[in-house]
Structures are given as C-alpha cells and as structure tokens.
Amino acid sequence: MGLYEELQERGLIAQVTDEKEIRELINNGKATFYIGFDPTADSLHIGHFMALCLMKRLQMGGNKPIALVGGGTGMVGDPTGRTDLRQMLTKEMIEHNCECFKAQMSRFIDFSDGKALMVNNADWLLDLNYVELLRDVGTHFTVNRMLAAECYKQRWEKGLSFLEFNYMIMQSYDFYKLYQDYGCNMQFGGDDQWSNMLGGTELIRRKLGKDAYAMTITLLLTSEGKKMGKTAKGAVWLDPEKTSPYEFYQYWRNTGDADVIKCLKMLTFLPLEEIAELEKLEGAELNRAKEILAFETTKMVHGEEEAVKAQNAAKALFAGGASSENVPTVTLSDDDFTDGALNILDLLVKAGLAPSKSEARRNVQQGGVSVDGEKVSDPAAAVSADDIRAKDGVMVRRGKKAYRKVIIG
C-alpha cells in the first residue's frame with residue numbers, strides 16, 4: 001500500500017480537495033506541505049501530537065515538511081473552538097514560544113540540510129500595508145461566505161471581534177506566500193480548519209490562475225487529536241517540565257478501551273499488521289495494548305530511556321512498590337504548612353492530584369486517597385511536616401494510578 005493509502009487506513013484523513021493529485025504527490029514524495037502552529041504557550045501539547053506524527057510519516061516518505069509558526073497570526077488569535085477572545089501575547093512572548101516549539105519539533109522532524117523548514121509568518125504579516133492587503137487579498141473573500149464558516153458561527157452570539165474576523169484572511173495569505181516563496185503545494189490541518197484552508201487554496205488559484213494548483217487535506221484533529229489534548233487537570237504538554245514522562249506515560253496507559261486501537265493507528269509507527277493483532281484482544285488483555293501505546297508515545301516524545309523509566313515506575317506502583325524514584329516529585333516549603341501541618345485536601349491540590357479542594361474532598365470521601373499506602377477517609381486529616389522530613393518524603397495516591405512523591409525543600 002502507498003503512503004496515502006496508509007494514512008487512510010490509520011484513520012488520519014477526513015477531507016481532501018483533489019484526491020487523485022494529492023495521492024500521487026504524497027506516494028511519490030513530491031509534496032511540499034505545511035502545518036501551522038500558533039505559539040500561544042511555550043510548549044506544544046498532545047493536541048499537536050498527531051500533526052507532528054503526520055509530518056514525520058510524510059517526511060519519511062520523501063515529502064518536505066514546513067512547520068509554520070504563527071508569530072503573526074498569534075498576534076491576532078484563532079477564534080476556532082473559542083467562546084471568548086484569546087489572551088493577547090507580546091512580541092517577545094511569541095518569539096520565545098517559537099524557539100521552544102522548534103526544539104520540541106526536532107524530535108519528530110529532521111530540519112538538517114533543508115529537509116524541512118520552520119517558517120514564521122511574522123516575517124510577512126507584520127509588515128503588510130493594510131490598504132494594500134484589503135485591495136490585493138480582501139477582494140477575494142466575501143463576508144457572506146466567511147460568516148458561514150463554523151469557526152465564526154460559534155462566536156457569533158457572544159460577539160466576534162473584527163480582529164479575529166481577519167484570521168481567515170491571514171491564514172489564507174500564509175498559504176499564498178508559502179506557495180510563492182517555498183513551492184508549498186499542500187496544506188494540512190484539523191477538520192475545524194477546513195474553511196480557512198479552502199480560503200488559502202482558492203486565493204492561490206484566483207490570484208495566480210489555473211496553472212497554480214494548491215491542494216488541501218484535513219485530519220481528524222477535532223474529534224480525535226484535540227480531544228486527546230485535554231484532561232481534567234488541563235493540557236498534557238510535551239515539555240517534561242510541565243508534564244513529566246511518567247505522567248505522559250500514564251495518560252496514554254489510561255486510554256479508554258474504545259480508543260486504544262484508534263490511538264495506536266494514529267499515533268504510533270507500529271505496522272498495521274501488528275496493530276491488527278492487538279485489535280483482537282478483549283477485556284483485561286487490552287491492557288497490553290495500552291502499555292504498548294503508552295511506551296511508544298512516550299518514547300517518541302521523551303526518548304527510549306525515559307519511556308523505560310516510566311514503564312518500570314508504573315509497573316512498580318501497580319505491584320505496590322510505591323517508592324519508585326521515577327514517580328513525579330512535588331517539593332513543598334515550610335510556608336505551605338500551618339503550625340507544621342497540612343490538610344489532606346490542600347495537599348492533594350498542591351501535589352497536582354486534584355484541581356480543587358471540593359474535588360479533593362470527593363476523592364477522600366470515596367476512599368480513593370492514601371498516604372504511604374494508608375487510606376485517608378477523613379477530609380479533616382492532616383499530614384505533618386515532621387513526618388514528611390523524617391521519611392524523606394511521602395507517597396500520595398489518588399485513585400488507582402495517580403501518584404506524587406511529596407518532599408519538603
């Protein structure tokens with residue numbers, strides 16, 4: 001099977017504009033494609049993970065990736081999926097985030113010798129003349145069609161700023177510039193980006209005529225990839241300082257039964273034949289597939305050594321060996337204690353095991369919390385600083401698989 005057919009088999013392709021031409025380019029390693037990343041934080045998260053895996057797959061097939069960081073569009077903010085205006089970032093914050101992105105992307109993409117490019121749309125967007133942009137680009141967009149886009153309809157009732165309304169034009173202009181300057185003939189994005197992507201394809205064809213033939217393709221990022229990017233406690237980051245390799249491993253180890261095979265297809269490079277064998281597993285045997293998923297994804301992001309550590313830590317904890325050195329450690333200070341003690345609810349929140357005291361209280365009352373293997377059932381219980389120091393740290397557990405080692409610095 002060709003690479004394009006494999007992408008289909010793995011459930012990655014949702015929509016395309018020109019399937020015959022796209023298949024030929026991808027299968028013959030002739031696609032120069034881009035995926036955009038708005039630098040709204042100093043780390044990528046697993047909502048971006050699928051896109052990075054896709055870029056790696058395509059590059060392995062001889063195609064050329066362009067990672068477009070939105071230093072310009074990041075000054076505006078994508079309204080897609082938002083119910084309110086995004087936080088406005090300074091130019092310095094955006095530049096810092098872009099540098100962080102490249103370091104993380106390099107685990108997936110080979111940027112050496114021009115095999116891939118990282119481009120910042122601030123290089124052309126920030127210097128645009130407003131009137132010139134309106135005349136040269138704006139004339140190719142109708143307000144009626146823009147308002148029909150799902151990303152705008154979601155914001156219509158609460159209010160859509162004129163700033164955000166320009167996002168589609170800016171993203172479309174990105175593809176036009178990449179086509180002209182880098183020979184970029186294809187763009188990828190989540191299916192929530194379809195309207196924006198079509199805008200770029202149509203802009204190229206209208207401005208440059210029928211000889212210009214740009215193409216679009218979308219992935220199942222809204223229903224799958226972006227869903228993967230959130231947990232009850234917030235985003236799962238690719239930066240080990242924000243989400244430890246152990247936590248990253250545990251996130252995938254806890255994948256639901258209905259999603260594990262789907263994730264193996266989309267997010268690992270295991271042969272489809274091997275995944276087909278794992279698909280035959282049922283009941284408790286599915287845990288083996290989940291362990292493979294957790295190991296393979298952690299290895300890609302953090303390296304094999306960290307993946308092995310995370311796997312060993314998870315197995316040790318499951319077997320009752322709660323002193324594993326690879327469990328995430330939380331360091332408290334004396335200021336966190338009142339009269340030398342800390343309430344169990346505050347401890348759970350400070351350790352990152354509960355998002356709020358009310359949630360922590362429910363965990364305790366339901367019997368899901370223990371300290372050094374002893375169940376805590378009283379929400380008024382407290383842990384003393386002296387005990388933590390004497391034991392050189394205590395192991396706090398919430399549920400079956402969420403652990404933190406708590407020490408005092």
# chains A, B, ... in the order shown; residues from 1 in each chain; ligands from 1
$ residues_around --residues "region 29-46 of chain A" --least-positions-apart "2" --cutoff "8 Å" --atoms "only C-alpha atoms" --output "MDAnalysis selection string"
chainID A and resid 25:27 48:51 58 61:71 73:74 77 89 94 96:98 100:101 104 183:189 225:226 228:229 235:239
$ closest_atom_pairs --of "region 245-317 of chain A" --to "region 387-401 of chain A" --cutoff "9 Å" --atoms "only C-alpha atoms" --output "CSV"
residue,atom,partner,partner_atom,distance
A:Gln250,CA,A:Lys401,CA,7.6
A:Asn254,CA,A:Lys401,CA,8.6
A:Ala314,CA,A:Lys401,CA,7.9
A:Leu317,CA,A:Lys401,CA,7.8
$ residues_around --residues "Ala258 (chain A)" --least-positions-apart "6" --cutoff "12 Å" --atoms "only C-alpha atoms" --output "PDB file with C-alpha atoms, in the first residue's frame"
ATOM      1  CA  LEU A 264      -2.205   3.047  18.103  1.00  0.00           C
ATOM      2  CA  GLU A 279      -7.147  -5.397  17.939  1.00  0.00           C
ATOM      3  CA  LEU A 281      -7.520  -8.515  22.392  1.00  0.00           C
ATOM      4  CA  GLU A 282     -10.536  -8.202  24.665  1.00  0.00           C
ATOM      5  CA  GLY A 283     -11.262  -7.376  28.292  1.00  0.00           C
ATOM      6  CA  LEU A 286      -6.446  -4.837  26.271  1.00  0.00           C
ATOM      7  CA  ALA A 289      -2.243  -2.769  24.006  1.00  0.00           C
ATOM      8  CA  LYS A 290      -2.484   0.233  26.339  1.00  0.00           C
TER       9      LYS A 290
END
$ residues_around --residues "Asp336 (chain A)" --least-positions-apart "4" --cutoff "12 Å" --atoms "only C-alpha atoms" --output "list in words"
Thr331, Leu332, Gly340, Ala341, Leu342, Asn343, Asp346, Leu347, Val349, Lys350, Ala351, Val383, Ser384, Ala385, Ile407, Ile408 and Gly409 of chain A
$ write_last_selection --atoms "C-alpha atoms" --output "PDB file, in the first residue's frame"
ATOM      1  CA  THR A 331       8.504  19.974  46.564  1.00  0.00           C
ATOM      2  CA  LEU A 332       6.726  21.940  49.287  1.00  0.00           C
ATOM      3  CA  GLY A 340       3.614  22.351  60.964  1.00  0.00           C
ATOM      4  CA  ALA A 341       0.660  20.554  59.363  1.00  0.00           C
ATOM      5  CA  LEU A 342      -1.119  20.499  56.005  1.00  0.00           C
ATOM      6  CA  ASN A 343      -4.709  19.411  55.486  1.00  0.00           C
ATOM      7  CA  ASP A 346      -4.702  21.153  50.444  1.00  0.00           C
ATOM      8  CA  LEU A 347      -2.030  18.515  49.995  1.00  0.00           C
ATOM      9  CA  VAL A 349      -4.317  20.284  45.366  1.00  0.00           C
ATOM     10  CA  LYS A 350      -0.696  21.370  45.919  1.00  0.00           C
ATOM     11  CA  ALA A 351       0.520  17.999  44.657  1.00  0.00           C
ATOM     12  CA  VAL A 383      -0.019  15.467  57.259  1.00  0.00           C
ATOM     13  CA  SER A 384       2.779  16.902  59.387  1.00  0.00           C
ATOM     14  CA  ALA A 385       5.935  18.447  58.022  1.00  0.00           C
ATOM     15  CA  ILE A 407       9.024  16.255  49.849  1.00  0.00           C
ATOM     16  CA  ILE A 408       9.940  19.448  51.680  1.00  0.00           C
ATOM     17  CA  GLY A 409      12.686  21.572  50.141  1.00  0.00           C
TER      18      GLY A 409
END
$ closest_residue --among "A:Ala307, A:Ile292, A:Ile109, A:Ala212" --to "Tyr246 (chain A)" --atoms "only C-alpha atoms"
A:Ala307
$ select_by_dssp --residues "region 38-227 of chain A" --states "strand (DSSP E)" --output "PyMOL selection string"
chain A and resi 64-69+117-120+186-190+215-219
$ closest_residue --among "A:Leu348, A:Met60, A:Leu52, A:Met197" --to "Val330 (chain A)" --atoms "only C-alpha atoms"
A:Leu348
$ closest_residue --among "A:Leu219, A:Val131, A:Glu95, A:Ala103" --to "Leu12 (chain A)" --atoms "only C-alpha atoms"
A:Leu219
$ residues_around --residues "region 14-21 of chain A" --least-positions-apart "2" --cutoff "6 Å" --atoms "only C-alpha atoms" --output "number ranges by chain"
A: 23-24, 216-220
$ atom_distance --atom1 "CA of Ser106 (chain A)" --atom2 "CA of Asn121 (chain A)"
19.2 Å
$ select_by_dssp --residues "region 261-307 of chain A" --states "helix (DSSP H, G or I)" --output "number ranges by chain"
A: 261-267, 272-278, 283-302, 304-307
$ closest_atom_pairs --of "region 59-142 of chain A" --to "region 165-177 of chain A" --cutoff "12 Å" --atoms "only C-alpha atoms" --output "tab-separated table"
residue	atom	partner	partner_atom	distance
A:Ile66	CA	A:Phe175	CA	11.0
A:Ala67	CA	A:Asp174	CA	11.9
A:Leu68	CA	A:Asp174	CA	8.8
A:Val69	CA	A:Asp174	CA	10.6
A:Gly70	CA	A:Gln171	CA	9.2
A:Gly71	CA	A:Asp174	CA	11.5
A:Gly72	CA	A:Met170	CA	8.6
A:Thr73	CA	A:Met170	CA	6.8
A:Gly74	CA	A:Tyr167	CA	9.6
A:Met75	CA	A:Tyr167	CA	10.1
A:Val76	CA	A:Tyr167	CA	7.0
A:Gly77	CA	A:Tyr167	CA	7.3
A:Asp78	CA	A:Tyr167	CA	6.3
A:Pro79	CA	A:Tyr167	CA	7.8
A:Thr80	CA	A:Tyr167	CA	9.6
A:Leu85	CA	A:Phe165	CA	11.4
A:Val119	CA	A:Asp174	CA	10.3
A:Asn120	CA	A:Asp174	CA	9.7
A:Asn121	CA	A:Asp174	CA	6.8
A:Ala122	CA	A:Asp174	CA	9.9
A:Asp123	CA	A:Asp174	CA	10.5
A:Trp124	CA	A:Lys177	CA	8.2
A:Leu125	CA	A:Met170	CA	7.5
A:Leu126	CA	A:Met170	CA	10.6
A:Leu128	CA	A:Met170	CA	10.4
A:Tyr130	CA	A:Asn166	CA	11.4
A:Leu133	CA	A:Ile169	CA	9.4
A:Leu134	CA	A:Ile169	CA	9.6
A:Asp136	CA	A:Tyr173	CA	10.3
A:Val137	CA	A:Ile169	CA	7.5
A:Gly138	CA	A:Ile169	CA	7.2
A:Thr139	CA	A:Ile169	CA	10.4
A:His140	CA	A:Ile169	CA	9.3
A:Phe141	CA	A:Ile169	CA	7.8
A:Thr142	CA	A:Ile169	CA	10.6
$ write_last_selection --atoms "C-alpha atoms" --output "mmCIF file, in the first residue's frame"
data_model
loop_
_atom_site.group_PDB
_atom_site.id
_atom_site.type_symbol
_atom_site.label_atom_id
_atom_site.label_comp_id
_atom_site.auth_asym_id
_atom_site.auth_seq_id
_atom_site.Cartn_x
_atom_site.Cartn_y
_atom_site.Cartn_z
ATOM 1 C CA ILE A 66 7.199 23.180 6.519
ATOM 2 C CA ALA A 67 6.394 23.930 10.143
ATOM 3 C CA LEU A 68 4.739 27.330 10.103
ATOM 4 C CA VAL A 69 4.796 29.059 13.471
ATOM 5 C CA GLY A 70 2.272 31.845 13.778
ATOM 6 C CA GLY A 71 4.314 34.748 15.033
ATOM 7 C CA GLY A 72 1.950 36.969 13.046
ATOM 8 C CA THR A 73 -1.374 35.144 13.420
ATOM 9 C CA GLY A 74 -0.506 34.632 17.087
ATOM 10 C CA MET A 75 -0.800 38.404 17.489
ATOM 11 C CA VAL A 76 -4.474 38.031 16.495
ATOM 12 C CA GLY A 77 -5.540 34.603 17.765
ATOM 13 C CA ASP A 78 -7.551 31.880 16.067
ATOM 14 C CA PRO A 79 -11.255 32.079 17.045
ATOM 15 C CA THR A 80 -11.802 28.414 16.166
ATOM 16 C CA LEU A 85 -11.150 36.338 22.917
ATOM 17 C CA VAL A 119 8.982 29.486 8.889
ATOM 18 C CA ASN A 120 7.450 32.321 10.915
ATOM 19 C CA ASN A 121 4.533 34.163 9.341
ATOM 20 C CA ALA A 122 5.507 37.278 11.281
ATOM 21 C CA ASP A 123 8.123 37.737 8.538
ATOM 22 C CA TRP A 124 5.420 38.790 6.080
ATOM 23 C CA LEU A 125 2.272 39.516 8.065
ATOM 24 C CA LEU A 126 3.685 42.178 10.378
ATOM 25 C CA LEU A 128 1.774 44.241 5.414
ATOM 26 C CA TYR A 130 -3.358 47.440 5.466
ATOM 27 C CA LEU A 133 -3.887 43.900 1.827
ATOM 28 C CA LEU A 134 -7.543 44.898 1.508
ATOM 29 C CA ASP A 136 -4.874 42.667 -3.053
ATOM 30 C CA VAL A 137 -6.333 39.914 -0.847
ATOM 31 C CA GLY A 138 -9.587 41.111 0.688
ATOM 32 C CA THR A 139 -11.314 41.356 -2.676
ATOM 33 C CA HIS A 140 -11.147 37.552 -2.999
ATOM 34 C CA PHE A 141 -13.285 36.961 0.129
ATOM 35 C CA THR A 142 -16.997 37.571 0.629
#
$ closest_residue --among "A:Val143, A:Ala276, A:Leu198, A:Met55" --to "Met215 (chain A)" --atoms "only C-alpha atoms"
A:Leu198
$ atom_distance --atom1 "CA of Leu117 (chain A)" --atom2 "CA of Gln59 (chain A)"
11.5 Å
$ atom_distance --atom1 "CA of Val364 (chain A)" --atom2 "CA of Ser377 (chain A)"
5.4 Å
$ decode --residues "region 162-205 of chain A" --atoms "N, CA and C atoms" --output "PDB file, in the first residue's frame"
ATOM      1  N   PHE A 162     -13.549  42.269  15.293  1.00  0.00           N
ATOM      2  CA  PHE A 162     -13.063  42.470  13.932  1.00  0.00           C
ATOM      3  C   PHE A 162     -11.636  41.943  13.792  1.00  0.00           C
ATOM      4  N   LEU A 163     -10.892  42.000  14.888  1.00  0.00           N
ATOM      5  CA  LEU A 163      -9.534  41.450  14.899  1.00  0.00           C
ATOM      6  C   LEU A 163      -9.559  39.978  14.497  1.00  0.00           C
ATOM      7  N   GLU A 164     -10.415  39.201  15.171  1.00  0.00           N
ATOM      8  CA  GLU A 164     -10.487  37.771  14.889  1.00  0.00           C
ATOM      9  C   GLU A 164     -11.079  37.490  13.511  1.00  0.00           C
ATOM     10  N   PHE A 165     -11.971  38.367  13.067  1.00  0.00           N
ATOM     11  CA  PHE A 165     -12.615  38.167  11.771  1.00  0.00           C
ATOM     12  C   PHE A 165     -11.587  38.131  10.642  1.00  0.00           C
ATOM     13  N   ASN A 166     -10.433  38.766  10.880  1.00  0.00           N
ATOM     14  CA  ASN A 166      -9.386  38.804   9.862  1.00  0.00           C
ATOM     15  C   ASN A 166      -8.529  37.540   9.837  1.00  0.00           C
ATOM     16  N   TYR A 167      -8.744  36.639  10.799  1.00  0.00           N
ATOM     17  CA  TYR A 167      -7.862  35.476  10.907  1.00  0.00           C
ATOM     18  C   TYR A 167      -7.895  34.619   9.650  1.00  0.00           C
ATOM     19  N   MET A 168      -9.068  34.401   9.078  1.00  0.00           N
ATOM     20  CA  MET A 168      -9.171  33.570   7.880  1.00  0.00           C
ATOM     21  C   MET A 168      -8.366  34.169   6.729  1.00  0.00           C
ATOM     22  N   ILE A 169      -8.431  35.482   6.585  1.00  0.00           N
ATOM     23  CA  ILE A 169      -7.678  36.140   5.517  1.00  0.00           C
ATOM     24  C   ILE A 169      -6.181  35.973   5.740  1.00  0.00           C
ATOM     25  N   MET A 170      -5.747  36.122   6.989  1.00  0.00           N
ATOM     26  CA  MET A 170      -4.323  35.979   7.300  1.00  0.00           C
ATOM     27  C   MET A 170      -3.838  34.565   7.045  1.00  0.00           C
ATOM     28  N   GLN A 171      -4.614  33.565   7.474  1.00  0.00           N
ATOM     29  CA  GLN A 171      -4.205  32.174   7.254  1.00  0.00           C
ATOM     30  C   GLN A 171      -4.185  31.843   5.767  1.00  0.00           C
ATOM     31  N   SER A 172      -5.146  32.359   5.030  1.00  0.00           N
ATOM     32  CA  SER A 172      -5.168  32.131   3.587  1.00  0.00           C
ATOM     33  C   SER A 172      -3.954  32.764   2.920  1.00  0.00           C
ATOM     34  N   TYR A 173      -3.591  33.933   3.388  1.00  0.00           N
ATOM     35  CA  TYR A 173      -2.427  34.623   2.831  1.00  0.00           C
ATOM     36  C   TYR A 173      -1.141  33.856   3.129  1.00  0.00           C
ATOM     37  N   ASP A 174      -1.105  33.179   4.277  1.00  0.00           N
ATOM     38  CA  ASP A 174       0.051  32.336   4.596  1.00  0.00           C
ATOM     39  C   ASP A 174       0.307  31.305   3.500  1.00  0.00           C
ATOM     40  N   PHE A 175      -0.743  30.597   3.106  1.00  0.00           N
ATOM     41  CA  PHE A 175      -0.581  29.555   2.083  1.00  0.00           C
ATOM     42  C   PHE A 175      -0.131  30.171   0.761  1.00  0.00           C
ATOM     43  N   TYR A 176      -0.683  31.309   0.438  1.00  0.00           N
ATOM     44  CA  TYR A 176      -0.296  32.020  -0.788  1.00  0.00           C
ATOM     45  C   TYR A 176       1.196  32.356  -0.768  1.00  0.00           C
ATOM     46  N   LYS A 177       1.696  32.867   0.358  1.00  0.00           N
ATOM     47  CA  LYS A 177       3.119  33.219   0.473  1.00  0.00           C
ATOM     48  C   LYS A 177       4.000  31.967   0.434  1.00  0.00           C
ATOM     49  N   LEU A 178       3.585  30.918   1.136  1.00  0.00           N
ATOM     50  CA  LEU A 178       4.382  29.694   1.145  1.00  0.00           C
ATOM     51  C   LEU A 178       4.415  29.054  -0.241  1.00  0.00           C
ATOM     52  N   TYR A 179       3.327  29.144  -0.958  1.00  0.00           N
ATOM     53  CA  TYR A 179       3.274  28.618  -2.334  1.00  0.00           C
ATOM     54  C   TYR A 179       4.255  29.377  -3.223  1.00  0.00           C
ATOM     55  N   GLN A 180       4.246  30.691  -3.126  1.00  0.00           N
ATOM     56  CA  GLN A 180       5.109  31.511  -3.974  1.00  0.00           C
ATOM     57  C   GLN A 180       6.578  31.418  -3.591  1.00  0.00           C
ATOM     58  N   ASP A 181       6.858  31.468  -2.285  1.00  0.00           N
ATOM     59  CA  ASP A 181       8.248  31.578  -1.831  1.00  0.00           C
ATOM     60  C   ASP A 181       8.940  30.238  -1.637  1.00  0.00           C
ATOM     61  N   TYR A 182       8.182  29.182  -1.335  1.00  0.00           N
ATOM     62  CA  TYR A 182       8.808  27.897  -0.999  1.00  0.00           C
ATOM     63  C   TYR A 182       8.277  26.737  -1.837  1.00  0.00           C
ATOM     64  N   GLY A 183       7.413  27.016  -2.794  1.00  0.00           N
ATOM     65  CA  GLY A 183       6.863  25.939  -3.612  1.00  0.00           C
ATOM     66  C   GLY A 183       5.969  25.010  -2.834  1.00  0.00           C
ATOM     67  N   CYS A 184       5.340  25.508  -1.773  1.00  0.00           N
ATOM     68  CA  CYS A 184       4.454  24.686  -0.938  1.00  0.00           C
ATOM     69  C   CYS A 184       3.173  24.397  -1.708  1.00  0.00           C
ATOM     70  N   ASN A 185       2.917  23.127  -1.997  1.00  0.00           N
ATOM     71  CA  ASN A 185       1.769  22.778  -2.830  1.00  0.00           C
ATOM     72  C   ASN A 185       0.651  22.079  -2.074  1.00  0.00           C
ATOM     73  N   MET A 186       0.790  21.990  -0.732  1.00  0.00           N
ATOM     74  CA  MET A 186      -0.231  21.268   0.022  1.00  0.00           C
ATOM     75  C   MET A 186      -0.267  21.782   1.454  1.00  0.00           C
ATOM     76  N   GLN A 187      -1.451  21.827   2.029  1.00  0.00           N
ATOM     77  CA  GLN A 187      -1.579  22.216   3.433  1.00  0.00           C
ATOM     78  C   GLN A 187      -2.407  21.181   4.185  1.00  0.00           C
ATOM     79  N   PHE A 188      -2.046  20.957   5.429  1.00  0.00           N
ATOM     80  CA  PHE A 188      -2.747  20.024   6.298  1.00  0.00           C
ATOM     81  C   PHE A 188      -3.277  20.783   7.502  1.00  0.00           C
ATOM     82  N   GLY A 189      -4.347  20.296   8.089  1.00  0.00           N
ATOM     83  CA  GLY A 189      -4.875  20.895   9.306  1.00  0.00           C
ATOM     84  C   GLY A 189      -6.042  20.098   9.820  1.00  0.00           C
ATOM     85  N   GLY A 190      -6.484  20.436  11.017  1.00  0.00           N
ATOM     86  CA  GLY A 190      -7.631  19.762  11.603  1.00  0.00           C
ATOM     87  C   GLY A 190      -8.896  20.068  10.833  1.00  0.00           C
ATOM     88  N   ASP A 191      -9.904  19.211  11.002  1.00  0.00           N
ATOM     89  CA  ASP A 191     -11.115  19.423  10.217  1.00  0.00           C
ATOM     90  C   ASP A 191     -11.883  20.664  10.658  1.00  0.00           C
ATOM     91  N   ASP A 192     -11.508  21.259  11.817  1.00  0.00           N
ATOM     92  CA  ASP A 192     -12.107  22.531  12.198  1.00  0.00           C
ATOM     93  C   ASP A 192     -11.489  23.696  11.436  1.00  0.00           C
ATOM     94  N   GLN A 193     -10.414  23.418  10.692  1.00  0.00           N
ATOM     95  CA  GLN A 193      -9.732  24.451   9.912  1.00  0.00           C
ATOM     96  C   GLN A 193     -10.144  24.436   8.437  1.00  0.00           C
ATOM     97  N   TRP A 194     -11.092  23.614   8.089  1.00  0.00           N
ATOM     98  CA  TRP A 194     -11.416  23.393   6.679  1.00  0.00           C
ATOM     99  C   TRP A 194     -11.748  24.693   5.946  1.00  0.00           C
ATOM    100  N   SER A 195     -12.554  25.559   6.532  1.00  0.00           N
ATOM    101  CA  SER A 195     -12.925  26.809   5.863  1.00  0.00           C
ATOM    102  C   SER A 195     -11.714  27.689   5.626  1.00  0.00           C
ATOM    103  N   ASN A 196     -10.864  27.810   6.633  1.00  0.00           N
ATOM    104  CA  ASN A 196      -9.658  28.618   6.486  1.00  0.00           C
ATOM    105  C   ASN A 196      -8.738  28.058   5.405  1.00  0.00           C
ATOM    106  N   MET A 197      -8.628  26.740   5.362  1.00  0.00           N
ATOM    107  CA  MET A 197      -7.738  26.108   4.401  1.00  0.00           C
ATOM    108  C   MET A 197      -8.263  26.265   2.975  1.00  0.00           C
ATOM    109  N   LEU A 198      -9.566  26.108   2.818  1.00  0.00           N
ATOM    110  CA  LEU A 198     -10.141  26.321   1.488  1.00  0.00           C
ATOM    111  C   LEU A 198      -9.913  27.757   1.023  1.00  0.00           C
ATOM    112  N   GLY A 199      -9.955  28.682   1.979  1.00  0.00           N
ATOM    113  CA  GLY A 199      -9.707  30.073   1.622  1.00  0.00           C
ATOM    114  C   GLY A 199      -8.328  30.262   1.026  1.00  0.00           C
ATOM    115  N   GLY A 200      -7.324  29.576   1.580  1.00  0.00           N
ATOM    116  CA  GLY A 200      -5.966  29.673   1.048  1.00  0.00           C
ATOM    117  C   GLY A 200      -5.835  29.061  -0.333  1.00  0.00           C
ATOM    118  N   THR A 201      -6.446  27.892  -0.518  1.00  0.00           N
ATOM    119  CA  THR A 201      -6.418  27.233  -1.826  1.00  0.00           C
ATOM    120  C   THR A 201      -7.077  28.110  -2.896  1.00  0.00           C
ATOM    121  N   GLU A 202      -8.228  28.655  -2.568  1.00  0.00           N
ATOM    122  CA  GLU A 202      -8.945  29.483  -3.539  1.00  0.00           C
ATOM    123  C   GLU A 202      -8.217  30.792  -3.821  1.00  0.00           C
ATOM    124  N   LEU A 203      -7.571  31.353  -2.815  1.00  0.00           N
ATOM    125  CA  LEU A 203      -6.819  32.595  -3.027  1.00  0.00           C
ATOM    126  C   LEU A 203      -5.693  32.376  -4.026  1.00  0.00           C
ATOM    127  N   ILE A 204      -4.970  31.277  -3.891  1.00  0.00           N
ATOM    128  CA  ILE A 204      -3.880  30.975  -4.820  1.00  0.00           C
ATOM    129  C   ILE A 204      -4.407  30.824  -6.238  1.00  0.00           C
ATOM    130  N   ARG A 205      -5.480  30.074  -6.383  1.00  0.00           N
ATOM    131  CA  ARG A 205      -5.992  29.811  -7.728  1.00  0.00           C
ATOM    132  C   ARG A 205      -6.591  31.064  -8.363  1.00  0.00           C
TER     133      ARG A 205
END
